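Here's upload.cif, which has mmCIF, C-alpha atoms and all ligand atoms:
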data_work
#
loop_
_atom_site.label_atom_id
_atom_site.label_comp_id
_atom_site.auth_asym_id
_atom_site.auth_seq_id
_atom_site.Cartn_x
_atom_site.Cartn_y
_atom_site.Cartn_z
CA MET A 27 0.00 0.00 0.00
CA PRO A 28 1.60 3.33 -1.00
CA LYS A 29 2.08 5.92 1.70
CA THR A 30 0.49 9.35 1.64
CA VAL A 31 1.85 12.80 2.43
CA LEU A 32 -0.11 16.01 2.84
CA ILE A 33 1.87 19.15 1.98
CA THR A 34 0.78 22.76 2.58
CA GLY A 35 1.83 25.59 0.27
CA ALA A 36 2.48 23.17 -2.60
CA SER A 37 1.78 25.75 -5.31
CA SER A 38 5.45 26.70 -5.64
CA GLY A 39 9.01 26.48 -4.38
CA ILE A 40 9.88 23.92 -1.73
CA GLY A 41 6.29 22.68 -1.35
CA LYS A 42 5.92 21.93 -5.05
CA ALA A 43 9.39 20.33 -5.22
CA ALA A 44 8.51 18.15 -2.23
CA ALA A 45 5.19 17.10 -3.81
CA LEU A 46 7.00 15.97 -6.96
CA HIS A 47 9.81 14.28 -5.00
CA PHE A 48 7.40 12.19 -2.89
CA ALA A 49 5.33 11.32 -5.99
CA ASP A 50 8.48 10.22 -7.85
CA ARG A 51 9.13 7.80 -4.98
CA GLY A 52 5.70 6.21 -5.23
CA TRP A 53 3.95 8.20 -2.51
CA GLN A 54 0.42 9.48 -2.86
CA VAL A 55 0.44 13.23 -2.43
CA ALA A 56 -2.22 15.65 -1.21
CA ALA A 57 -0.73 18.83 -2.65
CA THR A 58 -2.64 21.57 -0.86
CA MET A 59 -2.70 25.25 -1.72
CA ARG A 60 -4.80 28.37 -1.37
CA ASP A 61 -5.92 28.38 -5.00
CA PRO A 62 -6.01 24.92 -6.63
CA ASP A 63 -7.08 26.49 -9.94
CA ARG A 64 -3.57 27.89 -10.22
CA ALA A 65 -1.83 24.55 -9.58
CA ASP A 66 1.27 24.01 -11.67
CA ALA A 67 0.76 21.61 -14.60
CA THR A 68 3.52 19.33 -13.23
CA LEU A 69 1.25 18.53 -10.27
CA ARG A 70 -1.52 17.23 -12.55
CA ARG A 71 -0.40 13.63 -12.59
CA ASP A 72 -1.23 10.21 -11.16
CA GLY A 73 -0.71 9.96 -7.42
CA ILE A 74 -1.08 13.69 -6.76
CA ARG A 75 -4.39 15.19 -5.67
CA VAL A 76 -4.53 18.99 -5.57
CA LEU A 77 -6.68 20.19 -2.66
CA ARG A 78 -7.50 23.54 -1.13
CA ILE A 79 -6.04 24.59 2.20
CA ASP A 80 -5.49 28.16 3.31
CA VAL A 81 -3.70 27.64 6.61
CA THR A 82 -5.24 30.84 8.01
CA ASP A 83 -8.77 29.53 7.36
CA PRO A 84 -9.63 26.79 9.92
CA ALA A 85 -12.65 25.58 7.90
CA SER A 86 -10.47 25.02 4.82
CA VAL A 87 -7.88 23.25 7.00
CA GLN A 88 -10.50 20.83 8.39
CA SER A 89 -12.07 20.14 5.01
CA GLY A 90 -8.69 19.84 3.22
CA VAL A 91 -7.30 17.36 5.74
CA GLN A 92 -10.52 15.33 5.64
CA ALA A 93 -10.51 15.38 1.82
CA ALA A 94 -6.96 14.00 1.81
CA ILE A 95 -7.91 11.17 4.21
CA ASP A 96 -11.03 10.40 2.15
CA ALA A 97 -9.10 10.46 -1.15
CA PHE A 98 -6.25 8.20 -0.07
CA GLY A 99 -7.65 6.26 2.91
CA ALA A 100 -4.97 7.52 5.29
CA VAL A 101 -2.24 10.12 5.69
CA ASP A 102 1.21 9.04 6.88
CA ALA A 103 3.10 12.33 6.86
CA LEU A 104 2.27 16.03 7.09
CA VAL A 105 4.65 18.64 5.69
CA ASN A 106 3.86 22.07 7.15
CA ASN A 107 5.55 24.16 4.47
CA ALA A 108 3.26 27.17 3.84
CA GLY A 109 4.83 30.42 4.94
CA TYR A 110 6.11 33.83 3.98
CA GLY A 111 8.61 36.39 5.25
CA LEU A 112 7.67 39.69 6.84
CA MET A 113 10.89 41.71 6.78
CA GLY A 114 11.69 45.26 7.78
CA PRO A 115 12.53 47.47 10.74
CA PHE A 116 10.35 46.42 13.67
CA GLU A 117 9.02 49.97 14.15
CA ALA A 118 7.76 50.00 10.57
CA ILE A 119 5.69 46.84 11.10
CA SER A 120 2.06 47.31 12.06
CA ARG A 121 0.28 45.14 14.59
CA GLU A 122 -1.87 43.77 11.72
CA GLN A 123 1.20 42.81 9.67
CA ALA A 124 2.75 41.11 12.70
CA ALA A 125 -0.46 39.21 13.43
CA ARG A 126 -0.72 38.08 9.81
CA GLN A 127 2.86 36.75 9.94
CA PHE A 128 2.06 34.66 12.99
CA ASP A 129 -1.37 33.64 11.64
CA THR A 130 0.33 32.01 8.65
CA ASN A 131 3.73 30.81 9.85
CA VAL A 132 2.78 29.77 13.38
CA PHE A 133 -0.98 29.50 14.06
CA GLY A 134 -1.62 28.17 10.54
CA LEU A 135 0.99 25.45 11.04
CA MET A 136 -0.55 24.64 14.42
CA GLU A 137 -4.05 24.49 12.92
CA VAL A 138 -3.05 21.90 10.30
CA THR A 139 -1.22 19.94 12.98
CA ARG A 140 -4.31 20.05 15.22
CA ALA A 141 -6.47 18.82 12.33
CA ILE A 142 -4.28 15.80 11.49
CA LEU A 143 -3.51 14.68 15.06
CA PRO A 144 -6.72 12.69 15.75
CA HIS A 145 -5.99 10.67 12.59
CA PHE A 146 -2.35 10.08 13.57
CA ARG A 147 -3.33 9.20 17.15
CA GLU A 148 -5.92 6.71 15.96
CA ARG A 149 -3.32 5.03 13.76
CA ARG A 150 -0.56 5.38 16.40
CA ALA A 151 1.69 6.52 13.58
CA GLY A 152 2.56 9.65 11.64
CA VAL A 153 5.32 12.16 10.95
CA ILE A 154 4.95 15.92 11.16
CA VAL A 155 7.65 17.79 9.22
CA ASN A 156 7.74 21.51 10.00
CA LEU A 157 9.51 24.02 7.75
CA SER A 158 11.52 26.36 9.93
CA SER A 159 14.69 28.03 8.63
CA VAL A 160 18.23 28.81 9.71
CA VAL A 161 16.58 32.01 10.90
CA GLY A 162 14.69 29.86 13.40
CA ARG A 163 18.08 29.50 15.14
CA LEU A 164 19.81 32.81 14.48
CA GLY A 165 18.68 36.41 14.18
CA ILE A 166 19.21 38.30 10.94
CA PRO A 167 18.93 42.03 10.22
CA LEU A 168 15.33 43.15 9.49
CA GLY A 169 14.06 39.71 10.51
CA ALA A 170 12.48 40.55 13.89
CA LEU A 171 9.05 39.23 12.89
CA TYR A 172 10.03 36.49 10.43
CA ASN A 173 12.71 35.34 12.87
CA ALA A 174 10.24 35.36 15.76
CA SER A 175 7.76 33.26 13.75
CA LYS A 176 10.36 30.63 12.89
CA TRP A 177 11.70 30.58 16.47
CA ALA A 178 8.11 29.89 17.50
CA VAL A 179 7.99 26.97 15.05
CA GLU A 180 11.22 25.62 16.58
CA GLY A 181 9.94 25.87 20.16
CA PHE A 182 6.55 24.44 19.29
CA SER A 183 8.07 21.49 17.44
CA GLU A 184 10.76 20.76 20.02
CA ALA A 185 8.20 20.67 22.84
CA LEU A 186 5.49 18.85 20.89
CA ARG A 187 7.67 15.90 20.07
CA PHE A 188 7.81 14.84 23.72
CA GLU A 189 4.05 14.36 24.06
CA LEU A 190 3.65 12.76 20.62
CA GLU A 191 6.56 10.33 20.78
CA PRO A 192 4.77 7.88 23.12
CA LEU A 193 1.85 7.87 20.64
CA GLY A 194 4.08 6.77 17.76
CA ILE A 195 4.08 10.22 16.13
CA ARG A 196 7.38 11.86 15.20
CA VAL A 197 8.07 15.59 14.80
CA LYS A 198 10.81 16.94 12.52
CA ILE A 199 12.16 20.42 11.87
CA ILE A 200 13.69 21.41 8.51
CA GLU A 201 16.06 24.38 8.61
CA PRO A 202 16.85 25.64 5.09
CA GLY A 203 19.41 28.33 4.40
CA PRO A 204 18.79 30.58 1.39
CA ILE A 205 16.92 28.59 -1.28
CA ARG A 206 16.42 29.65 -4.89
CA THR A 207 12.63 29.79 -4.89
CA ASP A 208 10.60 32.89 -5.64
CA PHE A 209 10.39 33.54 -1.88
CA PHE A 210 11.98 36.97 -2.26
CA GLY A 211 9.57 37.82 -5.08
CA ARG A 212 6.18 36.33 -4.20
CA SER A 213 6.46 35.54 -0.49
CA MET A 214 8.04 38.63 1.03
CA ASP A 215 6.15 41.37 2.81
CA ILE A 216 8.65 44.22 3.10
CA ALA A 217 7.62 46.73 5.76
CA ARG A 218 8.47 50.40 5.23
CA ASP A 219 7.20 53.50 6.98
CA PRO A 220 7.61 56.86 5.22
CA ASP A 221 7.59 58.51 8.65
CA LEU A 222 10.71 56.55 9.63
CA PRO A 223 13.33 57.52 7.05
CA VAL A 224 15.94 56.95 9.75
CA TYR A 225 15.91 53.23 8.83
CA ASP A 226 15.95 53.64 5.03
CA ALA A 227 19.67 53.46 4.25
CA TYR A 228 20.18 50.51 6.62
CA ALA A 229 17.12 48.66 5.29
CA ASP A 230 18.20 49.17 1.66
CA ARG A 231 21.68 47.84 2.42
CA MET A 232 20.40 44.83 4.34
CA LEU A 233 17.72 43.86 1.83
CA ALA A 234 20.33 43.99 -0.93
CA ALA A 235 22.63 41.79 1.21
CA LEU A 236 19.81 39.29 1.77
CA LYS A 237 19.12 39.05 -1.95
CA ARG A 238 22.86 38.65 -2.59
CA SER A 239 23.07 35.80 -0.07
CA GLU A 240 20.26 33.99 -1.90
CA HIS A 241 22.17 34.47 -5.13
CA LEU A 242 25.57 33.42 -3.75
CA MET A 243 24.64 30.64 -1.32
CA GLY A 244 21.18 29.60 -2.56
CA SER A 245 20.41 25.93 -3.22
CA PRO A 246 17.65 24.67 -5.51
CA PRO A 247 14.36 23.71 -3.80
CA GLY A 248 14.87 20.08 -4.85
CA LYS A 249 17.68 19.87 -2.30
CA VAL A 250 15.28 20.76 0.53
CA ALA A 251 12.67 18.38 -0.93
CA ARG A 252 15.16 15.50 -0.61
CA ILE A 253 15.82 16.37 3.03
CA VAL A 254 12.09 16.69 3.78
CA TYR A 255 11.68 13.20 2.31
CA ARG A 256 14.55 11.86 4.39
CA ALA A 257 13.08 13.38 7.56
CA ALA A 258 9.69 11.81 6.80
CA THR A 259 11.11 8.36 6.10
CA ASP A 260 14.30 7.77 8.12
CA GLY A 261 12.40 6.44 11.15
CA SER A 262 14.90 8.10 13.47
CA PRO A 263 14.22 10.23 16.54
CA ARG A 264 16.38 13.01 15.03
CA LEU A 265 14.62 16.38 15.35
CA ARG A 266 16.52 18.96 13.25
CA TYR A 267 17.62 18.83 9.61
CA PRO A 268 19.62 21.74 8.18
CA ALA A 269 18.83 21.86 4.46
CA GLY A 270 20.81 23.60 1.72
CA GLY A 271 22.07 27.15 1.38
CA LEU A 272 25.04 26.34 3.66
CA ALA A 273 22.57 25.87 6.53
CA GLY A 274 24.70 23.15 8.18
CA PRO A 275 27.97 25.12 8.32
CA THR A 276 26.14 28.33 9.26
CA LEU A 277 24.40 26.66 12.21
CA LEU A 278 27.67 25.03 13.29
CA LEU A 279 29.35 28.45 13.34
CA ARG A 280 26.41 29.86 15.29
CA ARG A 281 26.77 27.11 17.84
CA PHE A 282 30.50 27.19 18.34
CA LEU A 283 31.59 30.78 17.62
CA PRO A 284 31.42 33.28 20.47
CA ASP A 285 28.53 35.68 19.95
CA ALA A 286 30.74 38.68 19.12
CA LEU A 287 32.63 36.70 16.48
CA PHE A 288 29.44 35.39 14.90
CA ARG A 289 28.01 38.91 14.79
CA TRP A 290 31.17 40.08 13.04
CA PHE A 291 30.87 37.17 10.60
CA LEU A 292 27.24 38.12 9.77
CA SER A 293 28.15 41.78 9.43
CA ARG A 294 30.63 40.79 6.66
CA ALA A 295 27.54 39.96 4.59
CA ARG A 296 27.08 43.70 4.04
N1 LIG B 301 13.33 30.26 0.15
C1 LIG B 301 14.10 30.32 1.21
O1 LIG B 301 15.22 30.88 1.16
C2 LIG B 301 13.65 29.70 2.51
C3 LIG B 301 14.61 29.52 3.52
C4 LIG B 301 14.22 28.98 4.73
C5 LIG B 301 12.91 28.59 4.95
N2 LIG B 301 11.99 28.76 3.96
C6 LIG B 301 10.60 28.36 4.25
O2 LIG B 301 10.18 27.41 3.29
C7 LIG B 301 8.77 27.48 3.13
C8 LIG B 301 8.43 27.55 1.65
O3 LIG B 301 8.98 28.71 1.09
P1 LIG B 301 9.50 28.77 -0.44
O4 LIG B 301 10.89 29.23 -0.41
O5 LIG B 301 9.17 27.52 -1.14
O6 LIG B 301 8.66 30.02 -0.98
P2 LIG B 301 7.43 30.08 -1.98
O7 LIG B 301 7.77 29.40 -3.26
O8 LIG B 301 7.04 31.51 -2.04
O9 LIG B 301 6.32 29.21 -1.26
C9 LIG B 301 5.56 29.66 -0.19
C10 LIG B 301 4.27 28.89 -0.23
O10 LIG B 301 3.49 29.18 0.94
C11 LIG B 301 2.17 29.35 0.50
N3 LIG B 301 1.35 30.11 1.42
C12 LIG B 301 1.53 31.36 1.90
N4 LIG B 301 0.52 31.69 2.71
C13 LIG B 301 -0.33 30.63 2.74
C14 LIG B 301 -1.54 30.35 3.39
N5 LIG B 301 -2.15 31.25 4.18
N6 LIG B 301 -2.13 29.13 3.20
C15 LIG B 301 -1.55 28.21 2.41
N7 LIG B 301 -0.41 28.42 1.74
C16 LIG B 301 0.19 29.62 1.92
C17 LIG B 301 2.27 30.03 -0.85
O11 LIG B 301 1.05 29.87 -1.53
P3 LIG B 301 0.43 30.89 -2.60
O12 LIG B 301 0.85 30.33 -3.94
O13 LIG B 301 -1.04 30.82 -2.40
O14 LIG B 301 1.02 32.23 -2.32
C18 LIG B 301 3.42 29.25 -1.45
O15 LIG B 301 2.97 28.04 -2.01
C19 LIG B 301 8.29 28.70 3.94
O16 LIG B 301 7.78 28.26 5.18
C20 LIG B 301 9.58 29.49 4.15
O17 LIG B 301 9.52 30.27 5.32
C21 LIG B 301 12.32 29.31 2.75
#
Can you give me the file's structure in the form of structure tokens?
Ligand SMILES: NC(=O)c1ccc[n+]([C@@H]2O[C@H](COP(=O)([O-])OP(=O)(O)OC[C@H]3O[C@@H](n4cnc5c(N)ncnc54)[C@H](OP(=O)(O)O)[C@@H]3O)[C@@H](O)[C@H]2O)c1
Amino acid sequence: MPKTVLITGASSGIGKAAALHFADRGWQVAATMRDPDRADATLRRDGIRVLRIDVTDPASVQSGVQAAIDAFGAVDALVNNAGYGLMGPFEAISREQAARQFDTNVFGLMEVTRAILPHFRERRAGVIVNLSSVVGRLGIPLGALYNASKWAVEGFSEALRFELEPLGIRVKIIEPGPIRTDFFGRSMDIARDPDLPVYDAYADRMLAALKRSEHLMGSPPGKVARIVYRAATDGSPRLRYPAGGLAGPTLLLRRFLPDALFRWFLSRAR
């Protein structure tokens, strides 16, 4: 019996690459997205069912998860991939923008997890793979809100695994470095405030540096897809998986370099 994975945000980038990677390995895939009418043609193939889930809409989460279970009989793995980056000086970010960032990256991920858990508990099996980022482990300039959302994903996942382990359910965290998706184009909310020109020069410099890092260090999304697949299938209790874009070496430096030295290292990125 083939296994089934449900992936959120499968319309593009890492989510789409993961959907194709699992399908290529014989998995059945519930490729969920906000607007199934805009699904990429590559997803229209045997073994992949395109379904609607907007992670900020609890009704669509419930119905999308149920539709995946009904379509394939069971779900073995959930990949919480949907997300976007709210970047900019903290003072320029409105309360609404901040709430929207957490609604998608954190509460949305929790909502899908909540919806799948009764099914996983009943089966006493399941893997939850959460897309964090290297910025879930280290702060970057202009990342106060995006960083905070990914740190929340890290804390949530690290704690959750304790209560789910005895039920046969594993939790995994994927930590990509810069990946060559259209994240910087389609999935960035850049906050600016015309009343705060004091941040402009700094923000311009840092945004340019971020784009450069994607260009210089970026890995293709297929690399992350392979690591997502490994995390879902290796059967190990391992929690964290750095994934592409020099994520492994960067996190090693973060861990072992004194704070001042690491800050200096990051500042070289300017
Ligand atoms: N690219 C990187 O450098 C990088 C690095 C580290 C971590 N990540 C993480 O990897 C994940 C995927 O990003 P990506 O690089 O593949 O970017 P992407 O191609 O822009 O994909 C983001 C996906 O999230 C979906 N999404 C956004 N809000 C949603 C919502 N409310 N409900 C359902 N889906 C929603 C988007 O769907 P629509 O088509 O509807 O907009 C899109 O499919 C994100 O969690 C991101 O934070 C990316």
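With only C-alpha atoms and all ligand atoms as the atoms that count, the minimum distance from ligand LIG 301 (chain B) to the choices A:Ala49, A:Leu222, A:Leu112, A:Ala100 is reached by A:Leu112.
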Query - Residues near segment 67-80 of chain A, cut-off 10 Å, all atoms listed in the file, skip fewer than 4 positions along chain, as a PyMOL selection string - result: chain A and resi 28+30-37+42-43+45-46+48-50+52-63+84-91+93-94+97-98+108+130+134+138
Expected answer as a JSON list (two decimals) with C-alpha atoms, in the frame of the given file: residues within 8 Å of ligand LIG 301 (chain B), all atoms listed in the file:
[["chain", "number", "residue", "atom", "x", "y", "z"],
["A", 34, "THR", "CA", 0.78, 22.76, 2.58],
["A", 35, "GLY", "CA", 1.83, 25.59, 0.27],
["A", 36, "ALA", "CA", 2.48, 23.17, -2.60],
["A", 37, "SER", "CA", 1.78, 25.75, -5.31],
["A", 38, "SER", "CA", 5.45, 26.70, -5.64],
["A", 39, "GLY", "CA", 9.01, 26.48, -4.38],
["A", 40, "ILE", "CA", 9.88, 23.92, -1.73],
["A", 41, "GLY", "CA", 6.29, 22.68, -1.35],
["A", 42, "LYS", "CA", 5.92, 21.93, -5.05],
["A", 58, "THR", "CA", -2.64, 21.57, -0.86],
["A", 59, "MET", "CA", -2.70, 25.25, -1.72],
["A", 60, "ARG", "CA", -4.80, 28.37, -1.37],
["A", 61, "ASP", "CA", -5.92, 28.38, -5.00],
["A", 79, "ILE", "CA", -6.04, 24.59, 2.20],
["A", 80, "ASP", "CA", -5.49, 28.16, 3.31],
["A", 81, "VAL", "CA", -3.70, 27.64, 6.61],
["A", 82, "THR", "CA", -5.24, 30.84, 8.01],
["A", 83, "ASP", "CA", -8.77, 29.53, 7.36],
["A", 106, "ASN", "CA", 3.86, 22.07, 7.15],
["A", 107, "ASN", "CA", 5.55, 24.16, 4.47],
["A", 108, "ALA", "CA", 3.26, 27.17, 3.84],
["A", 109, "GLY", "CA", 4.83, 30.42, 4.94],
["A", 110, "TYR", "CA", 6.11, 33.83, 3.98],
["A", 111, "GLY", "CA", 8.61, 36.39, 5.25],
["A", 129, "ASP", "CA", -1.37, 33.64, 11.64],
["A", 130, "THR", "CA", 0.33, 32.01, 8.65],
["A", 131, "ASN", "CA", 3.73, 30.81, 9.85],
["A", 134, "GLY", "CA", -1.62, 28.17, 10.54],
["A", 157, "LEU", "CA", 9.51, 24.02, 7.75],
["A", 158, "SER", "CA", 11.52, 26.36, 9.93],
["A", 159, "SER", "CA", 14.69, 28.03, 8.63],
["A", 160, "VAL", "CA", 18.23, 28.81, 9.71],
["A", 161, "VAL", "CA", 16.58, 32.01, 10.90],
["A", 176, "LYS", "CA", 10.36, 30.63, 12.89],
["A", 201, "GLU", "CA", 16.06, 24.38, 8.61],
["A", 202, "PRO", "CA", 16.85, 25.64, 5.09],
["A", 203, "GLY", "CA", 19.41, 28.33, 4.40],
["A", 204, "PRO", "CA", 18.79, 30.58, 1.39],
["A", 205, "ILE", "CA", 16.92, 28.59, -1.28],
["A", 206, "ARG", "CA", 16.42, 29.65, -4.89],
["A", 207, "THR", "CA", 12.63, 29.79, -4.89],
["A", 208, "ASP", "CA", 10.60, 32.89, -5.64],
["A", 209, "PHE", "CA", 10.39, 33.54, -1.88],
["A", 210, "PHE", "CA", 11.98, 36.97, -2.26],
["A", 211, "GLY", "CA", 9.57, 37.82, -5.08],
["A", 212, "ARG", "CA", 6.18, 36.33, -4.20],
["A", 213, "SER", "CA", 6.46, 35.54, -0.49],
["A", 214, "MET", "CA", 8.04, 38.63, 1.03],
["A", 240, "GLU", "CA", 20.26, 33.99, -1.90],
["A", 244, "GLY", "CA", 21.18, 29.60, -2.56],
["A", 247, "PRO", "CA", 14.36, 23.71, -3.80],
["A", 271, "GLY", "CA", 22.07, 27.15, 1.38]]
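The coordinates place atom CA of Lys198 of chain A at 13.9 Å from atom CA of Met136 of chain A.
Here atom CA of Ala273 of chain A and atom CA of Lys29 of chain A stand 29.0 Å from one another.
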Report summary line: Min atom-atom distance to Leu186 of chain A from the set A:Arg252, A:Arg231, A:His241, A:Arg140, counting all atoms listed in the file, belongs to A:Arg140
